[in-house]
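Coordinates from entry.csv are shown below (CSV, C-alpha atoms).
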```csv
chain,number,residue,atom,x,y,z
A,1,MET,CA,161.0,175.5,14.2
A,2,LYS,CA,157.2,175.8,14.4
A,3,LEU,CA,156.1,173.4,11.6
A,4,LEU,CA,152.5,173.0,10.4
A,5,PHE,CA,151.5,170.1,8.1
A,6,VAL,CA,148.3,170.6,6.1
A,7,HIS,CA,146.6,167.6,4.5
A,8,GLN,CA,142.9,166.8,4.3
A,9,ASN,CA,143.6,163.1,5.0
A,10,PHE,CA,146.6,163.6,7.3
A,11,PRO,CA,149.0,161.9,7.8
A,12,GLY,CA,149.0,160.9,4.1
A,13,GLN,CA,152.5,161.4,2.7
A,14,PHE,CA,153.6,162.9,6.0
A,15,LEU,CA,153.2,159.6,7.9
A,16,HIS,CA,156.8,159.4,8.9
A,17,LEU,CA,158.1,162.9,8.4
A,18,ALA,CA,155.8,164.6,10.9
A,19,PRO,CA,156.7,162.3,13.9
A,20,GLU,CA,160.4,162.5,12.9
A,21,MET,CA,160.3,166.3,13.0
A,22,GLN,CA,158.6,166.1,16.4
A,23,ARG,CA,161.3,163.6,17.6
A,24,LEU,CA,164.0,166.1,16.5
A,25,GLY,CA,162.5,168.6,18.9
A,26,HIS,CA,160.4,170.9,16.7
A,27,ASP,CA,157.0,172.2,17.5
A,28,VAL,CA,154.9,170.2,15.1
A,29,ARG,CA,151.2,170.4,14.4
A,30,ALA,CA,148.9,169.2,11.7
A,31,LEU,CA,145.7,170.7,10.2
A,32,THR,CA,143.2,168.4,8.5
A,33,ASP,CA,139.6,168.0,7.6
A,34,ALA,CA,137.2,167.5,10.5
A,35,SER,CA,135.9,164.3,8.8
A,36,ASN,CA,139.4,162.7,9.0
A,37,ASP,CA,139.5,160.4,12.0
A,38,LYS,CA,143.1,159.1,11.5
A,39,THR,CA,145.3,159.5,14.5
A,40,SER,CA,148.9,160.6,14.9
A,41,PRO,CA,151.5,161.3,17.7
A,42,VAL,CA,151.5,164.8,16.3
A,43,PRO,CA,148.8,167.3,17.7
A,44,ILE,CA,146.0,167.5,15.2
A,45,LEU,CA,143.8,170.5,14.5
A,46,ARG,CA,140.7,170.1,12.3
A,47,TYR,CA,139.0,172.6,10.0
A,48,THR,CA,135.4,172.3,8.9
A,49,HIS,CA,134.6,172.4,5.2
A,50,LYS,CA,131.1,172.0,3.8
A,51,PRO,CA,131.4,171.7,0.0
A,52,GLN,CA,128.7,173.7,-1.8
A,53,GLU,CA,127.0,172.3,-4.9
A,54,VAL,CA,128.5,173.7,-8.1
A,55,ASP,CA,126.5,174.1,-11.3
A,56,PRO,CA,128.7,172.7,-14.1
A,57,LYS,CA,126.9,174.7,-16.7
A,58,ALA,CA,127.6,178.0,-14.9
A,59,THR,CA,131.2,177.2,-13.9
A,60,ARG,CA,132.1,175.2,-17.0
A,61,LEU,CA,135.9,174.7,-17.0
A,62,GLY,CA,136.2,176.6,-13.8
A,63,ARG,CA,134.3,174.0,-11.8
A,64,ASN,CA,137.4,172.3,-10.5
A,65,PHE,CA,139.0,175.6,-9.4
A,66,THR,CA,135.8,176.6,-7.7
A,67,LEU,CA,135.7,173.4,-5.7
A,68,MET,CA,139.4,173.5,-4.7
A,69,SER,CA,139.5,177.2,-3.9
A,70,ASP,CA,136.4,176.9,-1.7
A,71,ARG,CA,138.3,174.3,0.4
A,72,GLY,CA,141.2,176.7,0.4
A,73,VAL,CA,139.0,179.4,1.9
A,74,SER,CA,137.8,177.0,4.6
A,75,VAL,CA,141.4,176.3,5.6
A,76,ALA,CA,142.3,180.0,5.5
A,77,ARG,CA,139.4,180.8,7.8
A,78,HIS,CA,140.7,178.3,10.4
A,79,ALA,CA,144.2,179.5,9.9
A,80,ARG,CA,143.1,183.1,10.7
A,81,ARG,CA,141.7,181.9,14.0
A,82,MET,CA,145.0,180.2,14.7
A,83,ARG,CA,146.8,183.4,14.0
A,84,ALA,CA,144.4,185.4,16.3
A,85,GLU,CA,145.3,182.9,19.1
A,86,GLY,CA,149.0,183.7,18.5
A,87,TYR,CA,150.1,180.8,16.4
A,88,VAL,CA,152.5,181.7,13.6
A,89,PRO,CA,154.4,178.8,11.9
A,90,ASP,CA,157.9,179.1,10.6
A,91,VAL,CA,157.3,176.5,7.8
A,92,ILE,CA,154.0,175.2,6.4
A,93,TYR,CA,154.1,171.9,4.4
A,94,GLY,CA,150.9,171.1,2.6
A,95,HIS,CA,149.6,168.9,-0.2
A,96,SER,CA,148.5,171.0,-3.1
A,97,GLY,CA,146.1,168.5,-4.5
A,98,TRP,CA,142.9,169.8,-2.8
A,99,GLY,CA,143.5,173.5,-2.7
A,100,GLU,CA,144.3,173.7,1.0
A,101,THR,CA,147.4,175.7,0.6
A,102,LEU,CA,146.1,178.3,-1.8
A,103,PHE,CA,145.5,181.2,0.7
A,104,LEU,CA,147.8,180.3,3.6
A,105,LYS,CA,150.4,183.0,2.6
A,106,GLU,CA,147.6,185.6,3.0
A,107,ILE,CA,147.3,184.6,6.6
A,108,TRP,CA,151.0,183.9,7.4
A,109,PRO,CA,153.0,185.9,4.8
A,110,GLU,CA,156.2,185.5,7.0
A,111,ALA,CA,156.0,181.7,6.9
A,112,ARG,CA,157.9,179.6,4.4
A,113,LEU,CA,155.5,177.5,2.3
A,114,LEU,CA,156.4,174.1,0.9
A,115,VAL,CA,153.9,172.2,-1.2
A,116,PHE,CA,153.8,168.5,-2.1
A,117,ALA,CA,153.3,168.7,-5.8
A,118,GLU,CA,152.2,165.1,-6.6
A,119,PHE,CA,151.0,165.5,-10.2
A,120,TYR,CA,150.2,168.3,-12.7
A,121,TYR,CA,147.2,167.6,-14.9
A,122,ARG,CA,147.9,167.6,-18.6
A,123,GLY,CA,145.6,167.5,-21.6
A,124,ILE,CA,148.3,165.6,-23.6
A,125,GLY,CA,151.1,163.4,-22.7
A,126,ALA,CA,150.0,161.7,-19.4
A,127,ASP,CA,146.9,159.8,-18.4
A,128,VAL,CA,144.2,161.6,-20.5
A,129,GLY,CA,143.4,159.5,-23.6
A,130,PHE,CA,145.9,156.8,-22.7
A,131,ASP,CA,143.4,154.0,-22.7
A,132,PRO,CA,140.9,154.5,-25.5
A,133,GLU,CA,138.7,151.6,-24.2
A,134,PHE,CA,137.6,153.6,-21.2
A,135,GLN,CA,138.5,157.1,-22.1
A,136,VAL,CA,137.1,159.4,-24.7
A,137,GLN,CA,140.0,161.3,-26.4
A,138,GLY,CA,139.0,164.5,-28.0
A,139,PHE,CA,139.3,168.3,-27.8
A,140,ASP,CA,136.9,168.6,-24.9
A,141,GLN,CA,138.7,166.1,-22.8
A,142,VAL,CA,142.0,167.8,-23.4
A,143,MET,CA,140.6,171.2,-22.4
A,144,ILE,CA,139.0,169.8,-19.3
A,145,ALA,CA,142.2,168.1,-18.1
A,146,GLN,CA,144.4,171.1,-18.8
A,147,SER,CA,142.0,173.4,-16.9
A,148,ARG,CA,142.3,171.2,-13.8
A,149,ALA,CA,145.9,172.4,-13.4
A,150,GLY,CA,144.9,176.0,-12.7
A,151,TYR,CA,144.8,175.7,-8.9
A,152,LEU,CA,147.9,173.5,-8.9
A,153,ALA,CA,149.9,176.2,-10.7
A,154,GLN,CA,148.6,178.9,-8.3
A,155,ALA,CA,149.6,176.7,-5.3
A,156,LEU,CA,153.2,176.4,-6.6
A,157,ILE,CA,153.5,180.1,-7.7
A,158,HIS,CA,152.7,181.2,-4.2
A,159,ALA,CA,154.9,178.6,-2.5
A,160,ASP,CA,158.6,178.9,-1.7
A,161,ARG,CA,159.4,175.4,-2.8
A,162,GLY,CA,157.7,172.2,-3.9
A,163,VAL,CA,158.4,168.5,-3.7
A,164,SER,CA,157.5,165.7,-6.1
A,165,PRO,CA,158.1,162.0,-5.3
A,166,THR,CA,159.5,161.0,-8.7
A,167,GLU,CA,161.3,162.6,-11.6
A,168,TRP,CA,158.5,161.7,-14.0
A,169,GLN,CA,155.8,163.2,-11.7
A,170,ALA,CA,158.0,166.4,-11.4
A,171,SER,CA,158.3,166.4,-15.2
A,172,THR,CA,154.5,166.8,-15.7
A,173,HIS,CA,154.9,170.4,-14.5
A,174,PRO,CA,155.7,173.2,-17.0
A,175,PRO,CA,159.4,174.2,-17.0
A,176,MET,CA,158.8,177.4,-15.0
A,177,LEU,CA,157.1,175.4,-12.2
A,178,ARG,CA,159.5,172.4,-12.5
A,179,ARG,CA,162.3,174.7,-11.3
A,180,GLN,CA,160.4,175.1,-8.0
A,181,LEU,CA,160.6,171.4,-7.3
A,182,GLU,CA,162.9,169.0,-5.5
A,183,VAL,CA,162.5,165.3,-6.2
A,184,ILE,CA,162.3,163.4,-2.9
A,185,PHE,CA,160.5,160.0,-2.7
A,186,ASP,CA,158.2,159.5,0.4
A,187,GLY,CA,160.4,156.5,1.5
A,188,VAL,CA,159.8,152.9,2.3
A,189,ASP,CA,160.9,151.1,5.4
A,190,CYS,CA,163.3,148.6,4.0
A,191,ASP,CA,164.1,147.1,7.4
A,192,ARG,CA,160.5,146.3,8.1
A,193,LEU,CA,160.2,144.8,4.6
A,194,THR,CA,163.3,142.5,4.9
A,195,PRO,CA,162.3,139.1,3.4
A,196,ASN,CA,160.8,136.8,6.0
A,197,PRO,CA,161.1,133.1,5.2
A,198,GLN,CA,158.6,132.3,8.0
A,199,ALA,CA,155.9,134.6,6.6
A,200,ARG,CA,152.4,133.2,6.3
A,201,PHE,CA,149.3,134.6,4.7
A,202,ALA,CA,145.8,133.3,5.4
A,203,LEU,CA,143.4,133.4,2.5
A,204,PRO,CA,139.7,134.4,2.9
A,205,ASP,CA,138.7,130.7,2.6
A,206,GLY,CA,141.1,129.8,5.5
A,207,ARG,CA,143.9,128.3,3.4
A,208,VAL,CA,147.4,129.5,4.4
A,209,LEU,CA,150.1,130.5,1.9
A,210,ALA,CA,153.8,130.3,2.7
A,211,ARG,CA,157.0,131.6,1.1
A,212,GLY,CA,157.8,129.1,-1.7
A,213,ASP,CA,154.2,128.6,-2.8
A,214,GLU,CA,153.3,129.7,-6.3
A,215,VAL,CA,151.6,133.0,-5.4
A,216,LEU,CA,150.8,135.8,-7.9
A,217,THR,CA,149.7,139.1,-6.4
A,218,PHE,CA,148.0,142.3,-7.5
A,219,VAL,CA,147.5,145.3,-5.1
A,220,ASN,CA,145.8,148.6,-5.5
A,221,ARG,CA,143.6,150.9,-3.4
A,222,ASN,CA,140.7,150.3,-5.8
A,223,LEU,CA,140.4,147.8,-8.6
A,224,GLU,CA,140.0,150.0,-11.7
A,225,PRO,CA,141.3,150.6,-15.2
A,226,TYR,CA,143.7,153.4,-14.2
A,227,ARG,CA,145.8,150.7,-12.4
A,228,GLY,CA,145.4,148.1,-15.1
A,229,TYR,CA,142.9,145.8,-13.3
A,230,HIS,CA,141.3,145.0,-16.7
A,231,ILE,CA,144.5,143.9,-18.3
A,232,PHE,CA,145.6,141.8,-15.3
A,233,LEU,CA,142.3,139.9,-15.2
A,234,ARG,CA,142.3,139.3,-18.9
A,235,ALA,CA,145.8,137.8,-18.6
A,236,LEU,CA,144.7,135.3,-15.9
A,237,PRO,CA,143.0,132.6,-17.9
A,238,ASP,CA,146.2,131.6,-19.7
A,239,VAL,CA,148.3,132.0,-16.6
A,240,LEU,CA,146.0,129.7,-14.5
A,241,ALA,CA,145.7,127.2,-17.3
A,242,ALA,CA,149.5,127.0,-17.6
A,243,ARG,CA,150.2,126.9,-13.8
A,244,PRO,CA,147.6,124.6,-12.1
A,245,ASP,CA,149.1,125.2,-8.6
A,246,ALA,CA,149.2,129.0,-8.8
A,247,GLN,CA,147.1,131.0,-6.4
A,248,VAL,CA,146.2,134.6,-7.2
A,249,VAL,CA,145.6,137.2,-4.5
A,250,ILE,CA,144.0,140.5,-5.5
A,251,VAL,CA,144.0,143.3,-2.9
A,252,GLY,CA,141.8,146.3,-3.3
A,253,GLU,CA,138.3,147.7,-2.9
A,254,ALA,CA,135.6,148.0,-5.5
A,255,GLY,CA,135.4,151.8,-5.6
A,256,VAL,CA,137.2,154.3,-7.8
A,257,SER,CA,140.2,156.3,-6.8
A,258,TYR,CA,141.0,157.8,-10.2
A,259,GLY,CA,139.0,158.2,-13.4
A,260,SER,CA,135.3,157.5,-13.6
A,261,ALA,CA,132.9,154.8,-12.4
A,262,PRO,CA,131.3,152.6,-15.0
A,263,LYS,CA,128.7,154.5,-17.1
A,264,ASP,CA,126.0,151.9,-16.7
A,265,GLY,CA,126.5,151.3,-13.0
A,266,GLY,CA,128.1,148.5,-11.1
A,267,THR,CA,131.8,148.3,-10.3
A,268,TRP,CA,134.9,147.8,-12.4
A,269,LYS,CA,135.8,144.9,-10.2
A,270,ASP,CA,132.6,143.0,-11.1
A,271,LEU,CA,132.4,144.1,-14.7
A,272,ILE,CA,135.9,142.9,-15.7
A,273,LEU,CA,135.6,139.8,-13.6
A,274,ALA,CA,132.4,138.9,-15.5
A,275,GLU,CA,134.4,138.9,-18.7
A,276,VAL,CA,136.7,136.2,-17.6
A,277,LYS,CA,135.0,134.2,-14.8
A,278,ASP,CA,133.9,131.4,-17.1
A,279,ARG,CA,137.6,130.9,-18.2
A,280,ILE,CA,139.3,130.9,-14.8
A,281,ASP,CA,139.2,128.7,-11.7
A,282,LEU,CA,137.7,131.1,-9.2
A,283,SER,CA,138.7,128.9,-6.3
A,284,ARG,CA,142.3,130.0,-7.0
A,285,VAL,CA,141.5,133.7,-7.3
A,286,HIS,CA,141.2,135.4,-4.0
A,287,PHE,CA,139.8,138.9,-3.4
A,288,THR,CA,140.8,140.3,0.0
A,289,GLY,CA,139.4,143.8,-0.1
A,290,LYS,CA,141.5,146.3,1.8
A,291,LEU,CA,144.2,144.8,4.1
A,292,PRO,CA,145.9,146.1,7.3
A,293,TYR,CA,149.5,147.0,6.6
A,294,ASP,CA,150.9,144.1,8.6
A,295,ARG,CA,148.9,141.6,6.6
A,296,LEU,CA,150.0,143.4,3.4
A,297,VAL,CA,153.6,142.9,4.3
A,298,ASP,CA,153.0,139.2,5.0
A,299,LEU,CA,151.5,138.9,1.5
A,300,MET,CA,154.5,140.7,-0.1
A,301,HIS,CA,156.7,138.1,1.6
A,302,VAL,CA,154.9,135.1,0.4
A,303,SER,CA,154.3,136.4,-3.2
A,304,ARG,CA,156.5,134.9,-5.9
A,305,VAL,CA,155.4,137.4,-8.6
A,306,HIS,CA,153.7,140.7,-8.3
A,307,ALA,CA,152.0,142.5,-11.2
A,308,TYR,CA,151.8,146.3,-11.2
A,309,LEU,CA,150.2,148.3,-13.9
A,310,THR,CA,149.3,152.0,-14.1
A,311,TYR,CA,148.4,154.6,-16.7
A,312,PRO,CA,151.0,157.5,-16.9
A,313,PHE,CA,150.0,158.8,-13.5
A,314,VAL,CA,151.0,158.8,-9.8
A,315,LEU,CA,153.3,155.9,-8.9
A,316,SER,CA,151.9,153.7,-6.1
A,317,TRP,CA,153.9,153.0,-2.9
A,318,SER,CA,152.9,149.3,-3.2
A,319,MET,CA,155.2,148.8,-6.2
A,320,VAL,CA,158.3,150.1,-4.5
A,321,GLU,CA,157.4,148.4,-1.2
A,322,THR,CA,157.1,145.0,-3.0
A,323,MET,CA,160.4,145.4,-4.7
A,324,ALA,CA,162.0,146.3,-1.4
A,325,ALA,CA,160.5,143.1,0.1
A,326,GLY,CA,162.5,141.1,-2.5
A,327,THR,CA,159.6,140.0,-4.6
A,328,LEU,CA,159.8,140.0,-8.4
A,329,VAL,CA,157.7,142.8,-9.9
A,330,ILE,CA,156.5,142.7,-13.4
A,331,GLY,CA,155.4,146.2,-14.3
A,332,SER,CA,153.7,148.1,-17.2
A,333,ASN,CA,156.1,149.8,-19.5
A,334,THR,CA,154.7,153.3,-18.7
A,335,ALA,CA,156.8,156.2,-17.7
A,336,PRO,CA,156.3,156.2,-13.9
A,337,VAL,CA,157.1,152.5,-13.7
A,338,ALA,CA,160.0,152.6,-16.1
A,339,GLU,CA,161.7,155.2,-13.9
A,340,VAL,CA,162.1,152.5,-11.2
A,341,ILE,CA,162.2,149.2,-13.0
A,342,ARG,CA,164.9,148.5,-15.6
A,343,ASP,CA,163.7,145.6,-17.7
A,344,GLY,CA,165.8,142.4,-17.1
A,345,VAL,CA,167.8,144.1,-14.3
A,346,ASN,CA,165.6,144.6,-11.3
A,347,GLY,CA,162.3,143.4,-12.7
A,348,ARG,CA,160.4,143.0,-15.9
A,349,LEU,CA,158.5,145.5,-18.1
A,350,VAL,CA,155.5,144.6,-20.4
A,351,ASP,CA,153.6,146.8,-22.7
A,352,PHE,CA,150.5,148.0,-20.7
A,353,PHE,CA,148.0,146.7,-23.3
A,354,ASP,CA,149.7,143.4,-24.3
A,355,VAL,CA,147.5,140.9,-22.6
A,356,ALA,CA,149.3,137.9,-24.2
A,357,GLY,CA,152.6,139.4,-23.2
A,358,TRP,CA,151.4,139.7,-19.6
A,359,SER,CA,150.2,136.1,-19.6
A,360,ALA,CA,153.6,134.9,-20.9
A,361,ALA,CA,155.7,137.0,-18.5
A,362,LEU,CA,153.7,136.1,-15.4
A,363,THR,CA,153.6,132.4,-16.4
A,364,ASP,CA,157.4,132.2,-16.9
A,365,ALA,CA,158.1,134.0,-13.6
A,366,LEU,CA,155.9,131.7,-11.7
A,367,ALA,CA,157.4,128.6,-13.4
A,368,ARG,CA,161.1,129.6,-13.0
A,369,PRO,CA,161.6,131.6,-9.8
A,370,GLU,CA,165.3,130.7,-9.7
A,371,ALA,CA,165.9,132.4,-13.1
A,372,TYR,CA,164.8,135.7,-11.5
A,373,ALA,CA,166.8,135.5,-8.3
A,374,ALA,CA,169.3,138.1,-9.4
A,375,MET,CA,166.5,140.6,-10.4
A,376,ARG,CA,164.9,140.2,-7.0
A,377,GLU,CA,168.1,140.9,-5.2
A,378,ALA,CA,168.9,143.9,-7.5
A,379,ALA,CA,165.4,145.2,-6.8
A,380,ARG,CA,165.8,145.0,-3.0
A,381,ARG,CA,169.3,146.5,-3.1
A,382,GLY,CA,168.2,149.3,-5.4
A,383,MET,CA,165.2,150.2,-3.3
A,384,ARG,CA,167.4,150.5,-0.2
A,385,ASP,CA,169.9,152.6,-2.0
A,386,ARG,CA,167.4,155.0,-3.6
A,387,TYR,CA,164.2,154.9,-1.6
A,388,ASP,CA,164.9,153.7,1.9
A,389,LEU,CA,163.0,155.7,4.5
A,390,ARG,CA,165.6,156.0,7.3
A,391,SER,CA,168.8,156.3,5.4
A,392,VAL,CA,167.8,158.3,2.3
A,393,CYS,CA,164.4,159.9,2.1
A,394,LEU,CA,163.7,161.1,5.6
A,395,PRO,CA,167.2,162.8,5.8
A,396,LYS,CA,166.5,164.6,2.5
A,397,GLN,CA,163.1,165.8,3.7
A,398,VAL,CA,164.4,167.0,7.1
A,399,ASP,CA,167.2,168.8,5.3
A,400,LEU,CA,164.8,170.6,3.0
A,401,LEU,CA,162.6,171.8,5.9
A,402,THR,CA,165.6,172.9,7.8
A,403,ARG,CA,166.9,174.9,4.8
A,404,LEU,CA,163.5,176.5,4.4
A,405,SER,CA,163.2,177.5,8.0
A,406,ARG,CA,166.6,179.2,7.9
A,407,SER,CA,166.0,181.1,4.6
```

Using structure tokens, write down the structure that the file contains.
Amino acid sequence: MKLLFVHQNFPGQFLHLAPEMQRLGHDVRALTDASNDKTSPVPILRYTHKPQEVDPKATRLGRNFTLMSDRGVSVARHARRMRAEGYVPDVIYGHSGWGETLFLKEIWPEARLLVFAEFYYRGIGADVGFDPEFQVQGFDQVMIAQSRAGYLAQALIHADRGVSPTEWQASTHPPMLRRQLEVIFDGVDCDRLTPNPQARFALPDGRVLARGDEVLTFVNRNLEPYRGYHIFLRALPDVLAARPDAQVVIVGEAGVSYGSAPKDGGTWKDLILAEVKDRIDLSRVHFTGKLPYDRLVDLMHVSRVHAYLTYPFVLSWSMVETMAAGTLVIGSNTAPVAEVIRDGVNGRLVDFFDVAGWSAALTDALARPEAYAAMREAARRGMRDRYDLRSVCLPKQVDLLTRLSRS
């Protein structure tokens, strides 16, 4: 088939699927934003999009749709040139999150369109208003959040099929749209993540951690409330006091991926750290910033306990990868996490806001690693059975694309 992937930050969720389809002999191309400098074995085409300033007072609740549909028009203009040059894909697979797929059926009505439906914004029942410390919960916020779903609904209505990575993320969609979706996780490379007893991880200060050391990890793209950074840091004073040999490694940058930046300036990383820095030994808390993937895998392999927290929102790859690496994960008892972790079976769940509960759970897991051996093994086995890239997820994704091309 002729297969076109569309993603403003390609390869994104198509990191493994696009090369696999190429390996199987299909004519595979990718269309991405011109500002994206990532490389891929798949031929990449780039569209130019220059966002226009939007007056919030004029657009009001339509601001988000204006921004996303403007990008969709930029993509459609590039697609029209591709069509004029004779290119017509059999299947288009695009991420719906930035409006890129909105008008592709107008250019290629004969193509099958598959969208990656990662999350459907809700005014009630998901991330909005979940954390009253950092979120205002009221009528306006509910209206704003619900209005953000407009372009996502349009993307799915015009698509032939959609994919969500987890059951809970699929469930955020209204019933009529949920019927459009198949649940297929992106996949993790369980072979690459096989526990490595020889793994070593060099800290920023030059010290080297090894498997068997008392290591507590926390990983996210950015250190912010949406991913529970504030709860984790507030739990650390009691953990470090109880475990004098523990080393804490925190991976992530100081920006914002979700939600808002602090109202008074600065970063969440520094603001939350300022709350607790007088009660923790900072020589044992190591901020690494963003890590190359190989280094991140080494860290997973030396970690004794990994903390993962999130609002009811998109599930991070890092949690599933860490479980696949055989590390004990203690997660927040929020819907996306509880779909994967069964408390006491393949990990532990703690109420998101229970700082004392987090301190106790993390301390016990650091102190008694042998008591959690069965959970670690169950986690690794479960990730291989449900989320393995090669044996489970890629075959399902390839099958879906094949079915679409034949329909």

Worksheet item: Taking all atoms listed in the file into account, which of A:Ala325, A:Leu223, A:Met383, A:Ala356 comes nearest Leu309 of chain A?
Response: A:Leu223

I'd like the contact shell of Ser318 of chain A - 10 Å cut-off, all atoms listed in the file, skipping same-chain residues fewer than 2 positions apart - returned as a tab-separated table (two decimals) with C-alpha atoms, in the frame of the given file.
```tsv
chain	number	residue	atom	x	y	z
A	188	VAL	CA	159.80	152.90	2.30
A	218	PHE	CA	148.00	142.30	-7.50
A	219	VAL	CA	147.50	145.30	-5.10
A	220	ASN	CA	145.80	148.60	-5.50
A	221	ARG	CA	143.60	150.90	-3.40
A	296	LEU	CA	150.00	143.40	3.40
A	297	VAL	CA	153.60	142.90	4.30
A	300	MET	CA	154.50	140.70	-0.10
A	308	TYR	CA	151.80	146.30	-11.20
A	315	LEU	CA	153.30	155.90	-8.90
A	316	SER	CA	151.90	153.70	-6.10
A	320	VAL	CA	158.30	150.10	-4.50
A	321	GLU	CA	157.40	148.40	-1.20
A	322	THR	CA	157.10	145.00	-3.00
A	323	MET	CA	160.40	145.40	-4.70
A	324	ALA	CA	162.00	146.30	-1.40
```

Which residues are close to Phe130 of chain A, i.e. within 10 Å by all atoms listed in the file, leaving aside same-chain residues fewer than 5 positions away? Reply as a PDB file with C-alpha atoms, in the frame of the given file.
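Saved as around15.pdb:
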```pdb
ATOM      1  CA  ILE A 124     148.300 165.600 -23.600  1.00  0.00           C
ATOM      2  CA  GLY A 125     151.100 163.400 -22.700  1.00  0.00           C
ATOM      3  CA  GLN A 135     138.500 157.100 -22.100  1.00  0.00           C
ATOM      4  CA  VAL A 136     137.100 159.400 -24.700  1.00  0.00           C
ATOM      5  CA  GLN A 137     140.000 161.300 -26.400  1.00  0.00           C
ATOM      6  CA  TYR A 226     143.700 153.400 -14.200  1.00  0.00           C
ATOM      7  CA  TYR A 311     148.400 154.600 -16.700  1.00  0.00           C
ATOM      8  CA  PRO A 312     151.000 157.500 -16.900  1.00  0.00           C
TER       9      PRO A 312
END
```

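We find atom CA of Thr327 of chain A and atom CA of Ala210 of chain A to be spaced 13.5 Å apart.
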
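With all atoms listed in the file as the basis for measurement, A:Leu362 is the residue among A:Leu362, A:Ala79, A:Leu17, A:Leu271 that approaches Ala242 of chain A most closely.
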
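We find atom CA of Leu24 of chain A and atom CA of Asp388 of chain A to be spaced 19.2 Å apart.
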
Practice prompt. Name the residues in contact with Glu110 of chain A at a cut-off of 10 Å, using only C-alpha atoms, excluding same-chain residues fewer than 4 positions from it; report them as a VMD selection string.
Written response: chain A and resid 88 to 91 105 to 106

Kindly export the residues of the current selection with C-alpha atoms, as a short mmCIF file (atom, residue, chain, number, x, y, z; two decimals), in the frame of the given file.
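Contents of out-v2.cif, as written:
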```cif
data_model
loop_
_atom_site.label_atom_id
_atom_site.label_comp_id
_atom_site.auth_asym_id
_atom_site.auth_seq_id
_atom_site.Cartn_x
_atom_site.Cartn_y
_atom_site.Cartn_z
CA VAL A 88 152.50 181.70 13.60
CA PRO A 89 154.40 178.80 11.90
CA ASP A 90 157.90 179.10 10.60
CA VAL A 91 157.30 176.50 7.80
CA LYS A 105 150.40 183.00 2.60
CA GLU A 106 147.60 185.60 3.00
#
```

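Coordinates place atom CA of Gly344 of chain A at a distance of 13.7 Å from atom CA of Pro369 of chain A.
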
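Residues lying within 8 Å of segment 72-74 of chain A, counting all atoms listed in the file and ignoring same-chain neighbours fewer than 4 positions away, are Tyr47, Thr48, His49, Met68, His78, Trp98, Gly99, Glu100, Thr101, Leu102 and Phe103 of chain A.
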
Worksheet item: Near segment 262-264 of chain A, counting all atoms listed in the file, which residues have an atom at most 10 Å away, once you skip same-chain residues fewer than 6 positions from it, shown as a list in words?
Response: Phe134, Glu224, Val256 and Leu271 of chain A

If you keep C-alpha atoms, can you produce a file of those selected residues as a PDB file, in the frame of the given file?
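Final file, again_2.pdb:
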```pdb
ATOM      1  CA  PHE A 134     137.600 153.600 -21.200  1.00  0.00           C
ATOM      2  CA  GLU A 224     140.000 150.000 -11.700  1.00  0.00           C
ATOM      3  CA  VAL A 256     137.200 154.300  -7.800  1.00  0.00           C
ATOM      4  CA  LEU A 271     132.400 144.100 -14.700  1.00  0.00           C
TER       5      LEU A 271
END
```

Please, which residues in segment 14-72 of chain A fall within 12 Å of segment 143-150 of chain A when counting all atoms listed in the file, and what is the closest atom pair and distance in Å to one decimal for each, ordered by chain then residue number, as a Markdown table?
```
| residue | atom | partner | partner_atom | distance |
| --- | --- | --- | --- | --- |
| A:Pro56 | CA | A:Ile144 | CA | 11.9 |
| A:Thr59 | CA | A:Ser147 | CA | 11.8 |
| A:Arg60 | CA | A:Ile144 | CA | 9.1 |
| A:Leu61 | CA | A:Ile144 | CA | 6.2 |
| A:Gly62 | CA | A:Ser147 | CA | 7.3 |
| A:Arg63 | CA | A:Arg148 | CA | 8.7 |
| A:Asn64 | CA | A:Arg148 | CA | 6.0 |
| A:Phe65 | CA | A:Gly150 | CA | 6.8 |
| A:Thr66 | CA | A:Gly150 | CA | 10.4 |
| A:Leu67 | CA | A:Arg148 | CA | 10.7 |
| A:Met68 | CA | A:Arg148 | CA | 9.8 |
| A:Ser69 | CA | A:Gly150 | CA | 10.4 |
```

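Ranking A:Val208, A:Leu216, A:Leu394, A:Ala261 by their shortest atom-to-atom distance to Ile330 of chain A, with only C-alpha atoms included, puts A:Leu216 first.
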
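Of the listed residues A:Ser171, A:Gln22, A:Thr39, A:Asn333, the one whose atoms come nearest to Phe10 of chain A is A:Thr39, with distances taken using only C-alpha atoms.
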
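With only C-alpha atoms as the atoms that count, the residue of A:Lys290, A:Arg386, A:Arg29, A:Arg304 with the shortest distance to Arg211 of chain A is A:Arg304.
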
Output segment 72-76 of chain A with N, CA and C atoms present, as a PDB file, in the frame of the given file.
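The file below, part-v7.pdb, is the result:
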```pdb
ATOM      1  N   GLY A  72     140.163 175.833   0.007  1.00  0.00           N
ATOM      2  CA  GLY A  72     141.200 176.700   0.400  1.00  0.00           C
ATOM      3  C   GLY A  72     140.754 177.829   1.334  1.00  0.00           C
ATOM      4  N   VAL A  73     139.578 178.368   1.050  1.00  0.00           N
ATOM      5  CA  VAL A  73     139.000 179.400   1.900  1.00  0.00           C
ATOM      6  C   VAL A  73     138.651 178.873   3.269  1.00  0.00           C
ATOM      7  N   SER A  74     138.103 177.656   3.319  1.00  0.00           N
ATOM      8  CA  SER A  74     137.800 177.000   4.600  1.00  0.00           C
ATOM      9  C   SER A  74     139.034 176.877   5.466  1.00  0.00           C
ATOM     10  N   VAL A  75     140.120 176.435   4.835  1.00  0.00           N
ATOM     11  CA  VAL A  75     141.400 176.300   5.600  1.00  0.00           C
ATOM     12  C   VAL A  75     141.901 177.633   6.023  1.00  0.00           C
ATOM     13  N   ALA A  76     141.812 178.637   5.151  1.00  0.00           N
ATOM     14  CA  ALA A  76     142.300 180.000   5.500  1.00  0.00           C
ATOM     15  C   ALA A  76     141.505 180.558   6.669  1.00  0.00           C
TER      16      ALA A  76
END
```
